[in-house]
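Containing compact mmCIF, N, CA and C atoms: query-v2.txt.
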# COMPACT_ATOMS: atom_id res chain seq x y z
N MET A 1 55.52 58.69 -7.67
CA MET A 1 55.07 57.53 -8.43
C MET A 1 55.81 57.50 -9.77
N ASN A 2 57.06 57.07 -9.70
CA ASN A 2 57.86 57.00 -10.91
C ASN A 2 58.43 55.62 -11.17
N GLN A 3 58.17 54.68 -10.28
CA GLN A 3 58.71 53.33 -10.45
C GLN A 3 57.61 52.37 -10.90
N ILE A 4 58.04 51.32 -11.57
CA ILE A 4 57.10 50.32 -12.07
C ILE A 4 56.29 49.69 -10.94
N CYS A 5 56.89 49.52 -9.77
CA CYS A 5 56.15 48.92 -8.65
C CYS A 5 54.93 49.74 -8.27
N ASP A 6 54.90 51.02 -8.64
CA ASP A 6 53.76 51.88 -8.34
C ASP A 6 52.58 51.65 -9.26
N VAL A 7 52.80 51.07 -10.43
CA VAL A 7 51.72 50.90 -11.41
C VAL A 7 51.48 49.45 -11.82
N MET A 8 52.38 48.54 -11.44
CA MET A 8 52.26 47.14 -11.88
C MET A 8 51.07 46.45 -11.22
N THR A 9 50.65 45.35 -11.83
CA THR A 9 49.64 44.48 -11.26
C THR A 9 50.35 43.43 -10.42
N ARG A 10 49.93 43.31 -9.17
CA ARG A 10 50.53 42.32 -8.26
C ARG A 10 49.69 41.06 -8.23
N ASN A 11 50.19 40.05 -7.53
CA ASN A 11 49.46 38.78 -7.37
C ASN A 11 49.04 38.22 -8.72
N VAL A 12 50.00 38.05 -9.59
CA VAL A 12 49.77 37.62 -10.96
C VAL A 12 49.51 36.11 -11.01
N LYS A 13 48.51 35.73 -11.77
CA LYS A 13 48.26 34.31 -12.02
C LYS A 13 49.38 33.80 -12.91
N VAL A 14 49.95 32.67 -12.53
CA VAL A 14 51.02 32.08 -13.33
C VAL A 14 50.67 30.65 -13.68
N LEU A 15 51.36 30.13 -14.67
CA LEU A 15 51.20 28.74 -15.08
C LEU A 15 52.50 27.99 -14.83
N ALA A 16 52.40 26.69 -14.65
CA ALA A 16 53.57 25.83 -14.56
C ALA A 16 53.89 25.32 -15.97
N PRO A 17 55.15 25.02 -16.25
CA PRO A 17 55.51 24.51 -17.58
C PRO A 17 54.71 23.26 -17.97
N SER A 18 54.31 22.47 -16.99
CA SER A 18 53.59 21.22 -17.26
C SER A 18 52.09 21.40 -17.45
N ASP A 19 51.55 22.58 -17.16
CA ASP A 19 50.12 22.82 -17.36
C ASP A 19 49.75 22.66 -18.83
N SER A 20 48.56 22.18 -19.10
CA SER A 20 48.11 22.02 -20.49
C SER A 20 47.79 23.37 -21.11
N ILE A 21 47.85 23.41 -22.43
CA ILE A 21 47.50 24.66 -23.11
C ILE A 21 46.00 24.94 -22.96
N ARG A 22 45.19 23.91 -22.75
CA ARG A 22 43.77 24.14 -22.48
C ARG A 22 43.62 24.93 -21.18
N HIS A 23 44.35 24.51 -20.15
CA HIS A 23 44.32 25.22 -18.87
C HIS A 23 44.80 26.66 -19.06
N ALA A 24 45.83 26.85 -19.85
CA ALA A 24 46.34 28.20 -20.12
C ALA A 24 45.27 29.06 -20.79
N ALA A 25 44.61 28.50 -21.79
CA ALA A 25 43.56 29.24 -22.50
C ALA A 25 42.39 29.56 -21.57
N GLU A 26 42.03 28.63 -20.71
CA GLU A 26 40.94 28.87 -19.75
C GLU A 26 41.31 30.00 -18.78
N CYS A 27 42.57 30.00 -18.34
CA CYS A 27 43.03 31.09 -17.45
C CYS A 27 42.97 32.43 -18.15
N MET A 28 43.42 32.46 -19.39
CA MET A 28 43.38 33.71 -20.16
C MET A 28 41.95 34.19 -20.32
N ASP A 29 41.04 33.27 -20.60
CA ASP A 29 39.64 33.63 -20.76
C ASP A 29 39.06 34.16 -19.45
N GLU A 30 39.33 33.47 -18.36
CA GLU A 30 38.82 33.86 -17.05
C GLU A 30 39.34 35.23 -16.62
N LEU A 31 40.62 35.50 -16.90
CA LEU A 31 41.25 36.75 -16.48
C LEU A 31 41.14 37.86 -17.51
N ASN A 32 40.65 37.51 -18.70
CA ASN A 32 40.56 38.47 -19.81
C ASN A 32 41.92 39.07 -20.15
N VAL A 33 42.92 38.18 -20.29
CA VAL A 33 44.28 38.59 -20.65
C VAL A 33 44.75 37.77 -21.84
N GLY A 34 45.77 38.25 -22.50
CA GLY A 34 46.31 37.55 -23.67
C GLY A 34 47.65 36.90 -23.43
N ALA A 35 48.17 37.00 -22.20
CA ALA A 35 49.46 36.39 -21.89
C ALA A 35 49.53 36.08 -20.40
N VAL A 36 50.20 34.99 -20.08
CA VAL A 36 50.39 34.58 -18.69
C VAL A 36 51.84 34.13 -18.52
N PRO A 37 52.51 34.62 -17.46
CA PRO A 37 53.87 34.15 -17.20
C PRO A 37 53.88 32.66 -16.84
N VAL A 38 54.95 31.99 -17.23
CA VAL A 38 55.15 30.59 -16.88
C VAL A 38 56.30 30.55 -15.89
N CYS A 39 56.05 29.95 -14.73
CA CYS A 39 57.05 29.98 -13.66
C CYS A 39 57.37 28.58 -13.15
N ASP A 40 58.62 28.41 -12.77
CA ASP A 40 59.08 27.25 -12.04
C ASP A 40 59.31 27.76 -10.63
N GLY A 41 58.35 27.48 -9.74
CA GLY A 41 58.35 28.12 -8.43
C GLY A 41 57.98 29.58 -8.63
N ASP A 42 58.82 30.50 -8.17
CA ASP A 42 58.53 31.93 -8.38
C ASP A 42 59.50 32.57 -9.36
N ARG A 43 60.14 31.75 -10.18
CA ARG A 43 61.07 32.26 -11.19
C ARG A 43 60.46 32.11 -12.59
N VAL A 44 60.49 33.18 -13.34
CA VAL A 44 59.91 33.19 -14.68
C VAL A 44 60.79 32.36 -15.62
N VAL A 45 60.17 31.38 -16.29
CA VAL A 45 60.89 30.55 -17.26
C VAL A 45 60.33 30.73 -18.66
N GLY A 46 59.24 31.48 -18.79
CA GLY A 46 58.64 31.70 -20.09
C GLY A 46 57.39 32.55 -19.99
N MET A 47 56.80 32.77 -21.14
CA MET A 47 55.55 33.52 -21.23
C MET A 47 54.74 32.82 -22.31
N VAL A 48 53.47 32.58 -22.05
CA VAL A 48 52.62 31.98 -23.07
C VAL A 48 51.53 32.99 -23.41
N THR A 49 51.30 33.15 -24.71
CA THR A 49 50.30 34.09 -25.20
C THR A 49 49.20 33.34 -25.94
N ASP A 50 48.09 34.02 -26.14
CA ASP A 50 47.01 33.44 -26.93
C ASP A 50 47.50 33.13 -28.34
N ARG A 51 48.39 33.94 -28.85
CA ARG A 51 48.94 33.71 -30.18
C ARG A 51 49.83 32.46 -30.21
N ASP A 52 50.63 32.25 -29.14
CA ASP A 52 51.45 31.03 -29.05
C ASP A 52 50.55 29.80 -29.16
N ILE A 53 49.44 29.82 -28.43
CA ILE A 53 48.53 28.68 -28.44
C ILE A 53 47.90 28.50 -29.82
N ALA A 54 47.46 29.60 -30.43
CA ALA A 54 46.81 29.52 -31.74
C ALA A 54 47.77 29.03 -32.83
N VAL A 55 48.97 29.61 -32.87
CA VAL A 55 49.90 29.32 -33.96
C VAL A 55 50.71 28.05 -33.72
N ARG A 56 51.26 27.90 -32.52
CA ARG A 56 52.17 26.78 -32.26
C ARG A 56 51.45 25.50 -31.87
N ALA A 57 50.18 25.60 -31.52
CA ALA A 57 49.45 24.39 -31.11
C ALA A 57 48.25 24.12 -31.99
N VAL A 58 47.26 25.00 -31.98
CA VAL A 58 46.02 24.76 -32.71
C VAL A 58 46.29 24.61 -34.21
N ALA A 59 47.01 25.57 -34.78
CA ALA A 59 47.28 25.51 -36.23
C ALA A 59 48.14 24.29 -36.59
N ALA A 60 48.92 23.81 -35.64
CA ALA A 60 49.77 22.65 -35.87
C ALA A 60 49.05 21.33 -35.55
N GLY A 61 47.77 21.42 -35.15
CA GLY A 61 46.98 20.22 -34.89
C GLY A 61 47.31 19.52 -33.59
N ARG A 62 47.87 20.23 -32.62
CA ARG A 62 48.25 19.62 -31.35
C ARG A 62 47.07 19.59 -30.39
N SER A 63 47.06 18.63 -29.50
CA SER A 63 45.98 18.45 -28.54
C SER A 63 46.04 19.49 -27.43
N ALA A 64 44.91 20.12 -27.16
CA ALA A 64 44.84 21.13 -26.10
C ALA A 64 45.01 20.50 -24.73
N ASP A 65 44.61 19.24 -24.58
CA ASP A 65 44.68 18.59 -23.28
C ASP A 65 46.04 17.97 -22.98
N SER A 66 46.75 17.53 -24.00
CA SER A 66 48.01 16.83 -23.74
C SER A 66 49.26 17.65 -24.07
N THR A 67 49.10 18.81 -24.68
CA THR A 67 50.26 19.65 -24.99
C THR A 67 50.58 20.55 -23.80
N PRO A 68 51.78 20.40 -23.24
CA PRO A 68 52.14 21.27 -22.11
C PRO A 68 52.49 22.68 -22.58
N VAL A 69 52.28 23.62 -21.71
CA VAL A 69 52.60 25.02 -21.97
C VAL A 69 54.06 25.16 -22.41
N SER A 70 54.95 24.36 -21.82
CA SER A 70 56.38 24.46 -22.13
C SER A 70 56.68 24.20 -23.61
N ASP A 71 55.80 23.49 -24.31
CA ASP A 71 56.01 23.20 -25.73
C ASP A 71 55.71 24.39 -26.63
N VAL A 72 54.91 25.35 -26.16
CA VAL A 72 54.50 26.46 -27.02
C VAL A 72 54.92 27.83 -26.49
N MET A 73 55.36 27.90 -25.25
CA MET A 73 55.69 29.20 -24.65
C MET A 73 56.94 29.80 -25.27
N SER A 74 57.07 31.09 -25.11
CA SER A 74 58.29 31.79 -25.49
C SER A 74 59.22 31.75 -24.29
N GLU A 75 60.41 31.21 -24.50
CA GLU A 75 61.35 31.04 -23.38
C GLU A 75 62.20 32.28 -23.14
N HIS A 76 62.45 33.03 -24.16
CA HIS A 76 63.30 34.21 -24.03
C HIS A 76 62.42 35.41 -23.70
N VAL A 77 62.17 35.59 -22.42
CA VAL A 77 61.23 36.59 -21.95
C VAL A 77 61.96 37.85 -21.52
N ARG A 78 61.50 38.97 -22.02
CA ARG A 78 62.00 40.25 -21.52
C ARG A 78 61.26 40.55 -20.23
N TRP A 79 61.92 41.19 -19.30
CA TRP A 79 61.33 41.52 -18.02
C TRP A 79 61.92 42.83 -17.54
N CYS A 80 61.37 43.34 -16.46
CA CYS A 80 61.91 44.56 -15.86
C CYS A 80 61.96 44.37 -14.35
N TYR A 81 62.74 45.22 -13.70
CA TYR A 81 62.81 45.20 -12.23
C TYR A 81 61.73 46.09 -11.64
N ASP A 82 61.29 45.73 -10.45
CA ASP A 82 60.22 46.48 -9.79
C ASP A 82 60.62 47.91 -9.43
N ASP A 83 61.92 48.18 -9.32
CA ASP A 83 62.35 49.53 -8.97
C ASP A 83 62.82 50.36 -10.17
N GLN A 84 62.61 49.84 -11.38
CA GLN A 84 62.97 50.62 -12.57
C GLN A 84 61.97 51.76 -12.76
N SER A 85 62.43 52.81 -13.42
CA SER A 85 61.55 53.94 -13.66
C SER A 85 60.52 53.59 -14.74
N ILE A 86 59.37 54.21 -14.64
CA ILE A 86 58.32 54.01 -15.64
C ILE A 86 58.83 54.39 -17.02
N ASP A 87 59.53 55.52 -17.11
CA ASP A 87 60.05 55.97 -18.41
C ASP A 87 61.00 54.95 -19.03
N GLU A 88 61.88 54.39 -18.22
CA GLU A 88 62.85 53.40 -18.70
C GLU A 88 62.14 52.16 -19.23
N VAL A 89 61.13 51.69 -18.50
CA VAL A 89 60.39 50.50 -18.91
C VAL A 89 59.56 50.79 -20.16
N MET A 90 58.95 51.96 -20.23
CA MET A 90 58.19 52.34 -21.43
C MET A 90 59.10 52.34 -22.66
N GLU A 91 60.32 52.85 -22.50
CA GLU A 91 61.27 52.87 -23.60
C GLU A 91 61.61 51.44 -24.04
N GLU A 92 61.82 50.56 -23.07
CA GLU A 92 62.11 49.15 -23.36
C GLU A 92 60.94 48.51 -24.10
N MET A 93 59.72 48.80 -23.68
CA MET A 93 58.54 48.24 -24.33
C MET A 93 58.45 48.73 -25.78
N CYS A 94 58.74 49.99 -25.99
CA CYS A 94 58.71 50.54 -27.35
C CYS A 94 59.79 49.91 -28.22
N ASP A 95 61.00 49.86 -27.69
CA ASP A 95 62.12 49.31 -28.44
C ASP A 95 61.89 47.85 -28.82
N SER A 96 61.25 47.10 -27.92
CA SER A 96 61.01 45.67 -28.13
C SER A 96 59.66 45.38 -28.78
N GLN A 97 58.84 46.41 -28.93
CA GLN A 97 57.49 46.29 -29.48
C GLN A 97 56.65 45.26 -28.73
N ILE A 98 56.63 45.40 -27.40
CA ILE A 98 55.82 44.53 -26.57
C ILE A 98 54.92 45.37 -25.66
N ARG A 99 53.79 44.81 -25.29
CA ARG A 99 52.78 45.54 -24.53
C ARG A 99 52.76 45.19 -23.05
N ARG A 100 53.46 44.14 -22.66
CA ARG A 100 53.47 43.75 -21.24
C ARG A 100 54.79 43.10 -20.89
N LEU A 101 55.19 43.28 -19.64
CA LEU A 101 56.46 42.71 -19.15
C LEU A 101 56.24 42.12 -17.76
N PRO A 102 56.80 40.93 -17.52
CA PRO A 102 56.85 40.44 -16.14
C PRO A 102 57.76 41.37 -15.33
N VAL A 103 57.45 41.54 -14.07
CA VAL A 103 58.24 42.39 -13.17
C VAL A 103 58.88 41.48 -12.12
N ILE A 104 60.19 41.60 -11.97
CA ILE A 104 60.90 40.77 -11.00
C ILE A 104 61.63 41.65 -9.99
N ASP A 105 61.97 41.05 -8.84
CA ASP A 105 62.80 41.76 -7.88
C ASP A 105 64.26 41.40 -8.16
N HIS A 106 65.16 41.91 -7.36
CA HIS A 106 66.58 41.68 -7.64
C HIS A 106 67.05 40.28 -7.28
N GLU A 107 66.18 39.47 -6.69
CA GLU A 107 66.48 38.05 -6.48
C GLU A 107 65.88 37.22 -7.62
N ARG A 108 65.34 37.91 -8.62
CA ARG A 108 64.75 37.32 -9.83
C ARG A 108 63.46 36.56 -9.56
N HIS A 109 62.73 36.96 -8.52
CA HIS A 109 61.42 36.39 -8.23
C HIS A 109 60.34 37.26 -8.88
N LEU A 110 59.33 36.61 -9.45
CA LEU A 110 58.22 37.34 -10.05
C LEU A 110 57.44 38.07 -8.95
N VAL A 111 57.26 39.38 -9.15
CA VAL A 111 56.50 40.17 -8.17
C VAL A 111 55.29 40.87 -8.81
N GLY A 112 55.18 40.80 -10.14
CA GLY A 112 54.06 41.44 -10.80
C GLY A 112 54.19 41.38 -12.30
N ILE A 113 53.31 42.09 -12.96
CA ILE A 113 53.36 42.25 -14.42
C ILE A 113 52.91 43.67 -14.71
N VAL A 114 53.49 44.26 -15.73
CA VAL A 114 53.10 45.62 -16.10
C VAL A 114 52.73 45.63 -17.57
N SER A 115 51.65 46.32 -17.86
CA SER A 115 51.19 46.46 -19.24
C SER A 115 51.06 47.94 -19.56
N LEU A 116 50.92 48.23 -20.83
CA LEU A 116 50.66 49.62 -21.21
C LEU A 116 49.39 50.12 -20.54
N GLY A 117 48.41 49.23 -20.38
CA GLY A 117 47.16 49.60 -19.72
C GLY A 117 47.37 50.00 -18.27
N ASP A 118 48.28 49.29 -17.57
CA ASP A 118 48.59 49.66 -16.18
C ASP A 118 49.16 51.06 -16.11
N VAL A 119 50.08 51.35 -17.02
CA VAL A 119 50.71 52.67 -17.04
C VAL A 119 49.69 53.74 -17.43
N ALA A 120 48.83 53.41 -18.40
CA ALA A 120 47.82 54.37 -18.82
C ALA A 120 46.85 54.70 -17.70
N ALA A 121 46.47 53.68 -16.92
CA ALA A 121 45.48 53.87 -15.86
C ALA A 121 46.06 54.55 -14.62
N ARG A 122 47.35 54.27 -14.33
CA ARG A 122 47.90 54.75 -13.06
C ARG A 122 49.17 55.56 -13.19
N GLY A 123 49.72 55.63 -14.40
CA GLY A 123 50.98 56.34 -14.59
C GLY A 123 50.82 57.84 -14.68
N PRO A 124 51.95 58.56 -14.52
CA PRO A 124 51.89 60.02 -14.49
C PRO A 124 51.82 60.68 -15.86
N ASP A 125 52.18 59.98 -16.93
CA ASP A 125 52.30 60.63 -18.24
C ASP A 125 51.46 59.92 -19.28
N GLN A 126 50.20 60.32 -19.40
CA GLN A 126 49.27 59.69 -20.34
C GLN A 126 49.71 59.86 -21.79
N ARG A 127 50.30 60.99 -22.12
CA ARG A 127 50.74 61.26 -23.49
C ARG A 127 51.79 60.23 -23.93
N ARG A 128 52.70 59.92 -23.01
CA ARG A 128 53.78 58.96 -23.32
C ARG A 128 53.21 57.58 -23.62
N VAL A 129 52.14 57.18 -22.95
CA VAL A 129 51.52 55.89 -23.20
C VAL A 129 50.96 55.84 -24.61
N GLY A 130 50.30 56.91 -25.03
CA GLY A 130 49.77 56.99 -26.39
C GLY A 130 50.87 56.89 -27.43
N GLU A 131 51.98 57.56 -27.18
CA GLU A 131 53.12 57.48 -28.10
C GLU A 131 53.68 56.07 -28.15
N ALA A 132 53.77 55.42 -26.98
CA ALA A 132 54.30 54.06 -26.92
C ALA A 132 53.40 53.10 -27.69
N LEU A 133 52.10 53.23 -27.49
CA LEU A 133 51.17 52.35 -28.19
C LEU A 133 51.27 52.54 -29.69
N LYS A 134 51.42 53.76 -30.13
CA LYS A 134 51.58 54.03 -31.56
C LYS A 134 52.84 53.36 -32.10
N GLU A 135 53.94 53.45 -31.35
CA GLU A 135 55.20 52.83 -31.79
C GLU A 135 55.07 51.31 -31.82
N ILE A 136 54.47 50.74 -30.79
CA ILE A 136 54.35 49.29 -30.69
C ILE A 136 53.40 48.75 -31.75
N SER A 137 52.39 49.53 -32.10
CA SER A 137 51.37 49.07 -33.03
C SER A 137 51.68 49.41 -34.48
N SER A 138 52.90 49.82 -34.77
CA SER A 138 53.24 50.15 -36.16
C SER A 138 53.10 48.91 -37.03
N PRO A 139 52.69 49.09 -38.28
CA PRO A 139 52.43 47.95 -39.17
C PRO A 139 53.68 47.09 -39.36
N SER A 140 53.45 45.78 -39.42
CA SER A 140 54.56 44.87 -39.68
C SER A 140 54.68 44.67 -41.19
N GLU A 141 55.78 44.14 -41.58
CA GLU A 141 56.00 43.83 -42.99
C GLU A 141 55.63 42.37 -43.23
N PRO A 142 55.11 41.98 -44.32
CA PRO A 142 54.65 42.83 -45.40
C PRO A 142 53.34 43.53 -45.04
N ASP A 143 53.04 44.58 -45.78
CA ASP A 143 51.81 45.32 -45.56
C ASP A 143 50.63 44.44 -45.95
N ARG A 144 49.78 44.13 -44.99
CA ARG A 144 48.64 43.23 -45.22
C ARG A 144 47.32 43.97 -45.24
N THR A 145 47.38 45.29 -45.43
CA THR A 145 46.14 46.06 -45.40
C THR A 145 45.35 45.96 -46.69
N HIS A 146 45.98 45.52 -47.78
CA HIS A 146 45.30 45.40 -49.07
C HIS A 146 45.16 43.93 -49.44
N HIS A 147 43.93 43.49 -49.65
CA HIS A 147 43.71 42.07 -49.96
C HIS A 147 43.27 41.89 -51.37

As structure tokens, what does this structure read like?
Amino acid sequence: MNQICDVMTRNVKVLAPSDSIRHAAECMDELNVGAVPVCDGDRVVGMVTDRDIAVRAVAAGRSADSTPVSDVMSEHVRWCYDDQSIDEVMEEMCDSQIRRLPVIDHERHLVGIVSLGDVAARGPDQRRVGEALKEISSPSEPDRTHH
């Protein structure tokens, strides 16, 4: 059990670029997740997060019913292959400071998603997950701990 396919979540709920951000938020609430891949067919074209919706739509006064996911999603999505090693993907997550990655096959079709939680629950090296989370969760600039 050293490949991402061994720990990833399969049968991932996805959104279409034309879906409303309300629908996206409802899916996130129902699934208790903070991000959902956006696909055109089975190819990843973006990722929408709860933060995308809050900052790019709600804070900007956009309508939840008429704003499509494509208007707020992040288009430049990092991903990994299903046959990559867990260590390699963990390193990528640390370097990029991200907690989840869509998983694709070599035909670039979405086959799953992997999160730090997936690796923590099913991966072989619990210590490495803790180190990764610490690296990813390092404070951003400016320091906002003092108000």

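You will find atom CA of Leu15 of chain A at 9.7 Å from atom CA of Ser70 of chain A.
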
List as a PyMOL selection string the residues having at least one atom at most 8 Å from position (60.9, 48.7, -7.2) as given in the file, counting only C-alpha atoms.
chain A and resi 3-6+81-84+105

Can you list every residue of segment 86-127 of chain A that has an atom at most 10 Å from segment 19-36 of chain A, with its nearest atom pair and the distance in Å to one decimal, using only C-alpha atoms, ordered by chain then number, as a Markdown table?
| residue | atom | partner | partner_atom | distance |
| --- | --- | --- | --- | --- |
| A:Arg100 | CA | A:Ala35 | CA | 8.4 |
| A:Leu101 | CA | A:Ala35 | CA | 9.8 |
| A:Pro102 | CA | A:Val36 | CA | 9.1 |
| A:Ile113 | CA | A:Val36 | CA | 9.3 |

Kindly export the residues of the current selection with N, CA and C atoms, as a CSV table (one decimal), keeping the file's coordinate frame.
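The resulting file, out28.csv, is shown below:
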chain,number,residue,atom,x,y,z
A,100,ARG,N,53.5,44.1,-22.7
A,100,ARG,CA,53.5,43.8,-21.2
A,100,ARG,C,54.8,43.1,-20.9
A,101,LEU,N,55.2,43.3,-19.6
A,101,LEU,CA,56.5,42.7,-19.2
A,101,LEU,C,56.2,42.1,-17.8
A,102,PRO,N,56.8,40.9,-17.5
A,102,PRO,CA,56.8,40.4,-16.1
A,102,PRO,C,57.8,41.4,-15.3
A,113,ILE,N,53.3,42.1,-13.0
A,113,ILE,CA,53.4,42.2,-14.4
A,113,ILE,C,52.9,43.7,-14.7

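If you look at atom CA of Ser63 of chain A and atom N of Ser18 of chain A, they are 14.8 Å away from each other.
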
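Candidate residues A:Arg122, A:Arg56, A:Arg99, A:Arg108 were compared for distance to Asp42 of chain A, and the nearest is A:Arg108, using all atoms listed in the file.
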
To test your reading of the structure, identify every residue in chain A that backbone DSSP assigns to alpha helix (DSSP H), and report it as a ChimeraX atom specification.
/A:21-31,50-52,86-96,116-122,126-136

Atom N of Met93 of chain A and atom N of Pro17 of chain A are how many Å apart?
25.3 Å

If we count only N, CA and C atoms, what is near Met73 of chain A at a cut-off of 6 Å, once residues fewer than 5 positions away on the same chain are taken out, given as a PyMOL selection string?
chain A and resi 46-49

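Of the residues in chain A, those that DSSP places in strand (DSSP E) on the basis of the backbone are Ala35, Val36, Pro37, Val38, Cys39, Asp40, Arg43, Val44, Val45, Gly46, Met47, Val48, Thr49, Cys80, Tyr81, Arg100, Leu101, Pro102, Val103, Ile104, Leu110, Val111, Gly112, Ile113, Val114 and Ser115 of chain A.
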
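Using only N, CA and C atoms, the shortest contact distance between Pro68 of chain A and any of A:Ser115, A:Ala16, A:His106, A:Arg51 is found at A:Ala16.
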
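With all atoms listed in the file as the atoms that count, the minimum distance from Thr9 of chain A to the choices A:Gly61, A:Pro37, A:Gly112, A:Gly117 is reached by A:Gly112.
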
Between A:Val103, A:Val14, A:Asn2, A:Arg43, which residue has the minimum interatomic distance to Val69 of chain A, considering only C-alpha atoms?
A:Val14
